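Novice: data_25.csv (CSV, C-alpha atoms) pasted underneath:
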```csv
chain,number,residue,atom,x,y,z
A,5,MET,CA,-113.4,33.7,-144.2
A,6,LYS,CA,-110.7,35.6,-146.1
A,7,LYS,CA,-108.7,35.9,-142.9
A,8,LEU,CA,-109.0,32.1,-142.3
A,9,ILE,CA,-107.9,31.3,-145.8
A,10,LEU,CA,-104.9,33.7,-145.6
A,11,ALA,CA,-103.9,32.3,-142.2
A,12,SER,CA,-104.1,28.8,-143.6
A,13,ALA,CA,-102.0,29.8,-146.6
A,14,VAL,CA,-99.3,31.5,-144.4
A,15,SER,CA,-99.3,28.5,-142.1
A,16,MET,CA,-98.9,26.1,-145.0
A,17,ALA,CA,-96.1,28.2,-146.5
A,18,VAL,CA,-94.2,28.3,-143.1
A,19,MET,CA,-94.6,24.5,-142.7
A,20,THR,CA,-93.4,23.8,-146.2
A,21,SER,CA,-90.5,26.1,-145.8
A,22,ALA,CA,-89.5,24.5,-142.5
A,23,TYR,CA,-89.8,21.0,-144.1
A,24,ALA,CA,-87.7,22.1,-147.0
A,25,ASP,CA,-85.1,23.7,-144.7
A,26,GLU,CA,-84.9,20.4,-142.7
A,27,ARG,CA,-83.8,18.5,-145.7
A,28,SER,CA,-81.3,21.0,-147.0
A,29,GLY,CA,-77.7,20.6,-146.2
A,30,THR,CA,-74.4,18.8,-146.9
A,31,TYR,CA,-74.5,15.0,-146.6
A,32,ALA,CA,-71.4,12.8,-146.2
A,33,PHE,CA,-71.6,9.3,-147.6
A,34,ASP,CA,-72.1,6.7,-144.9
A,35,THR,CA,-68.7,4.9,-145.3
A,36,GLN,CA,-68.6,3.7,-141.7
A,37,GLY,CA,-71.9,1.9,-141.9
A,38,ALA,CA,-71.2,0.9,-145.6
A,39,HIS,CA,-74.7,2.0,-146.7
A,40,GLN,CA,-73.4,2.7,-150.1
A,41,PHE,CA,-72.7,0.7,-153.3
A,42,ILE,CA,-71.2,1.3,-156.7
A,43,THR,CA,-72.0,-1.8,-158.8
A,44,PHE,CA,-71.6,-2.5,-162.5
A,45,LYS,CA,-72.4,-5.1,-165.1
A,46,ILE,CA,-71.1,-5.8,-168.5
A,47,SER,CA,-71.9,-8.5,-171.0
A,48,HIS,CA,-69.3,-11.3,-171.2
A,49,LEU,CA,-69.0,-11.9,-175.0
A,50,GLY,CA,-72.8,-11.8,-175.3
A,51,TYR,CA,-73.2,-15.0,-173.4
A,52,SER,CA,-73.7,-13.9,-169.8
A,53,TRP,CA,-73.5,-10.9,-167.4
A,54,LEU,CA,-70.4,-10.1,-165.4
A,55,TYR,CA,-71.2,-8.2,-162.2
A,56,GLY,CA,-68.8,-6.3,-159.9
A,57,ARG,CA,-68.4,-3.5,-157.5
A,58,PHE,CA,-66.0,-1.0,-156.1
A,59,ASN,CA,-65.5,-1.6,-152.4
A,60,ASP,CA,-63.9,1.7,-151.5
A,61,PHE,CA,-65.3,5.1,-152.4
A,62,ASP,CA,-66.2,8.3,-150.6
A,63,GLY,CA,-68.1,11.5,-151.4
A,64,GLN,CA,-70.7,14.0,-150.4
A,65,PHE,CA,-73.8,15.7,-151.8
A,66,VAL,CA,-75.3,19.0,-151.1
A,67,TYR,CA,-79.1,19.1,-151.3
A,68,ASP,CA,-81.0,22.3,-151.7
A,69,ALA,CA,-84.6,21.5,-151.0
A,70,GLU,CA,-86.0,24.8,-152.1
A,71,ASN,CA,-84.0,24.8,-155.4
A,72,PRO,CA,-83.0,21.2,-156.1
A,73,GLU,CA,-81.3,22.4,-159.3
A,74,ASN,CA,-78.6,24.0,-157.1
A,75,SER,CA,-77.7,20.6,-155.5
A,76,SER,CA,-74.4,18.9,-156.2
A,77,VAL,CA,-72.5,15.7,-155.7
A,78,SER,CA,-68.8,14.6,-155.7
A,79,VAL,CA,-67.4,11.1,-155.5
A,80,THR,CA,-63.9,9.6,-155.4
A,81,ILE,CA,-63.4,5.9,-156.1
A,82,ASP,CA,-60.4,3.8,-155.3
A,83,THR,CA,-60.1,1.9,-158.6
A,84,ALA,CA,-57.9,-0.8,-157.0
A,85,SER,CA,-60.9,-1.8,-154.9
A,86,ILE,CA,-62.7,-3.3,-157.9
A,87,ASP,CA,-64.2,-6.7,-156.9
A,88,SER,CA,-65.8,-9.1,-159.4
A,89,ASN,CA,-65.7,-12.0,-157.1
A,90,HIS,CA,-62.7,-13.6,-158.8
A,91,ALA,CA,-59.2,-12.7,-157.8
A,92,GLU,CA,-57.4,-13.5,-161.1
A,93,ARG,CA,-60.0,-11.5,-163.1
A,94,ASP,CA,-59.7,-8.6,-160.6
A,95,LYS,CA,-56.0,-8.6,-161.2
A,96,HIS,CA,-56.6,-8.4,-164.9
A,97,LEU,CA,-59.2,-5.6,-164.4
A,98,ARG,CA,-56.6,-3.6,-162.4
A,99,SER,CA,-54.0,-4.0,-165.2
A,100,ASP,CA,-53.2,-1.7,-168.2
A,101,ASP,CA,-55.7,-3.7,-170.2
A,102,PHE,CA,-58.5,-2.1,-168.2
A,103,LEU,CA,-58.2,0.4,-165.3
A,104,SER,CA,-54.4,0.7,-165.0
A,105,VAL,CA,-54.7,1.3,-161.3
A,106,SER,CA,-50.9,1.7,-160.8
A,107,GLU,CA,-51.1,4.9,-162.8
A,108,PHE,CA,-54.7,5.9,-162.2
A,109,GLY,CA,-55.6,5.0,-158.6
A,110,GLU,CA,-58.7,7.1,-158.4
A,111,ALA,CA,-61.8,7.8,-160.5
A,112,THR,CA,-63.9,10.8,-159.8
A,113,PHE,CA,-67.3,12.3,-160.5
A,114,GLN,CA,-68.1,15.9,-160.1
A,115,SER,CA,-71.5,17.2,-160.9
A,116,LYS,CA,-71.9,20.4,-163.0
A,117,ARG,CA,-75.7,20.8,-163.1
A,118,VAL,CA,-78.9,19.1,-162.0
A,119,VAL,CA,-82.0,18.9,-164.1
A,120,MET,CA,-85.2,17.9,-162.3
A,121,ASP,CA,-87.3,15.3,-164.1
A,122,GLY,CA,-90.1,15.1,-161.6
A,123,GLU,CA,-90.8,14.7,-157.9
A,124,GLY,CA,-87.6,13.2,-156.4
A,125,GLU,CA,-86.1,12.4,-159.9
A,126,ALA,CA,-83.3,14.2,-161.7
A,127,ASP,CA,-80.6,14.0,-164.2
A,128,ILE,CA,-77.2,14.8,-162.6
A,129,ILE,CA,-74.8,15.9,-165.4
A,130,GLY,CA,-71.2,15.9,-164.5
A,131,ASP,CA,-67.6,15.0,-165.3
A,132,LEU,CA,-66.5,11.4,-164.8
A,133,THR,CA,-62.7,11.0,-164.8
A,134,LEU,CA,-61.6,7.4,-165.3
A,135,ARG,CA,-58.2,6.1,-166.4
A,136,GLY,CA,-57.1,9.7,-166.8
A,137,VAL,CA,-59.9,10.6,-169.3
A,138,THR,CA,-62.6,13.0,-168.4
A,139,ARG,CA,-66.0,12.8,-170.1
A,140,GLU,CA,-69.4,14.2,-169.3
A,141,VAL,CA,-72.0,11.6,-168.2
A,142,THR,CA,-75.5,11.8,-167.0
A,143,LEU,CA,-76.7,10.0,-163.8
A,144,GLU,CA,-80.4,9.3,-163.8
A,145,ALA,CA,-81.1,9.8,-160.1
A,146,GLU,CA,-84.0,9.1,-157.8
A,147,MET,CA,-84.4,10.2,-154.1
A,148,LEU,CA,-85.2,7.1,-152.1
A,149,GLY,CA,-86.0,8.7,-148.8
A,150,HIS,CA,-84.9,11.0,-146.0
A,151,GLY,CA,-85.5,11.5,-142.3
A,152,ALA,CA,-84.1,11.2,-138.8
A,153,ASP,CA,-82.1,8.2,-137.9
A,154,PRO,CA,-82.0,6.3,-134.5
A,155,TRP,CA,-78.7,7.9,-133.6
A,156,GLY,CA,-79.8,11.5,-133.6
A,157,GLY,CA,-78.7,12.3,-137.2
A,158,TYR,CA,-80.6,13.1,-140.4
A,159,ARG,CA,-80.1,10.9,-143.5
A,160,MET,CA,-81.0,11.0,-147.2
A,161,GLY,CA,-80.6,8.3,-149.8
A,162,PHE,CA,-80.4,8.3,-153.6
A,163,GLU,CA,-80.0,5.7,-156.3
A,164,ALA,CA,-78.6,6.6,-159.7
A,165,GLU,CA,-77.6,4.8,-162.9
A,166,THR,CA,-75.7,5.4,-166.1
A,167,GLU,CA,-73.9,3.7,-168.9
A,168,ILE,CA,-70.4,4.3,-170.3
A,169,LYS,CA,-68.5,3.0,-173.2
A,170,LEU,CA,-65.1,1.5,-172.4
A,171,LYS,CA,-63.4,3.1,-175.4
A,172,ASP,CA,-64.6,6.5,-174.4
A,173,PHE,CA,-62.3,6.2,-171.4
A,174,GLY,CA,-59.3,4.8,-173.2
A,175,ILE,CA,-59.7,1.2,-172.0
A,176,PRO,CA,-57.9,-0.7,-174.7
A,177,MET,CA,-59.2,-4.2,-174.1
A,178,ASP,CA,-61.7,-5.2,-176.9
A,179,LEU,CA,-64.1,-7.9,-175.7
A,180,GLY,CA,-66.3,-7.6,-178.8
A,181,LYS,CA,-69.4,-5.6,-179.7
A,182,ALA,CA,-71.6,-7.1,-176.9
A,183,SER,CA,-69.2,-5.9,-174.3
A,184,GLU,CA,-68.6,-2.3,-175.3
A,185,THR,CA,-70.9,-0.7,-172.7
A,186,VAL,CA,-70.8,-1.0,-168.9
A,187,GLU,CA,-74.0,-0.3,-166.9
A,188,ILE,CA,-73.3,1.4,-163.5
A,189,GLU,CA,-75.6,1.6,-160.6
A,190,ILE,CA,-74.9,3.8,-157.5
A,191,SER,CA,-76.8,3.7,-154.2
A,192,VAL,CA,-75.8,6.1,-151.4
A,193,GLU,CA,-77.0,7.1,-148.0
A,194,GLY,CA,-75.7,10.4,-146.8
A,195,ILE,CA,-75.6,11.7,-143.2
A,196,ARG,CA,-76.2,15.4,-142.9
A,197,GLN,CA,-73.2,17.3,-141.4
```
Take the structure in the file and write it out as structure tokens.

Specialist:
Amino acid sequence: MKKLILASAVSMAVMTSAYADERSGTYAFDTQGAHQFITFKISHLGYSWLYGRFNDFDGQFVYDAENPENSSVSVTIDTASIDSNHAERDKHLRSDDFLSVSEFGEATFQSKRVVMDGEGEADIIGDLTLRGVTREVTLEAEMLGHGADPWGGYRMGFEAETEIKLKDFGIPMDLGKASETVEIEISVEGIRQ
């Protein structure tokens, strides 16, 4: 009986290890298939929500299945790709009042550490650089799923959200108290390299 229990435990450990190893690796964002989104919303004077997104961004994440705390993520965003579904407003958002894209054409996020909150959930703490200002932010992240795709690859997807204050990143436009904070949501699907 002891041999059977020991054999079962070893078999389970090997299976778990193989499963963990299968998920581990470096994943590039699926830019070609556009299975990725960075969206935001901000209150417009306290009367309604303004929604938008960044159309062009790239990045990768490294996932360590056995020690998820050792995972990391890096993202580069083309700030000129901001899209709020209104050309004149987008022009204003690209101006010195907001993103100043002529001077700061990129925004970046680089993780520094990962703190696991539960199965598939984590706080990803890292540096967000926007408009030339770098601040530490926390992304509340959740793994959405992973597995083989129909084209012979292996994919993994995450969703994350955070909030930032405009003034923390040197954005001078004052839209009033209701519009001080931007909510950001990120959804990415990575292809293992």

Novice: With distances taken over all atoms listed in the file, which residue among A:Tyr51, A:Phe173, A:Phe102, A:Phe61 lies nearest A:Val141?

Specialist: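 Smallest distance to A:Val141 is found for A:Phe173.
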
Novice: So which residues touch A:Ile168 within 12 Å, counting all atoms listed in the file, skipping near sequence neighbours fewer than 3 positions away, as an NGL selection string?

Specialist: :A and (44-46 or 132-134 or 138-143 or 165 or 171-175 or 183-189)

Novice: Can you tell me, as a PyMOL selection string, which residues sit within 12 Å of (-84.1, 9.4, -140.1) in the file's frame, using only C-alpha atoms?

Specialist: chain A and resi 26-27+149-161+193-196

Novice: So how many Å separate atom CA of A:Asp62 and atom CA of A:Gly109, to one decimal?

Specialist: 13.7 Å

Novice: Enter the distance from atom CA of A:Val118 to atom CA of A:Ser76, in Å, rounded to one decimal.

Specialist: 7.3 Å

Novice: Just want the 8 Å neighbourhood of A:Phe108, counted on all atoms listed in the file, with same-chain residues fewer than 4 positions away dropped. Output as a PyMOL selection string.

Specialist: chain A and resi 83+103-104+134-136
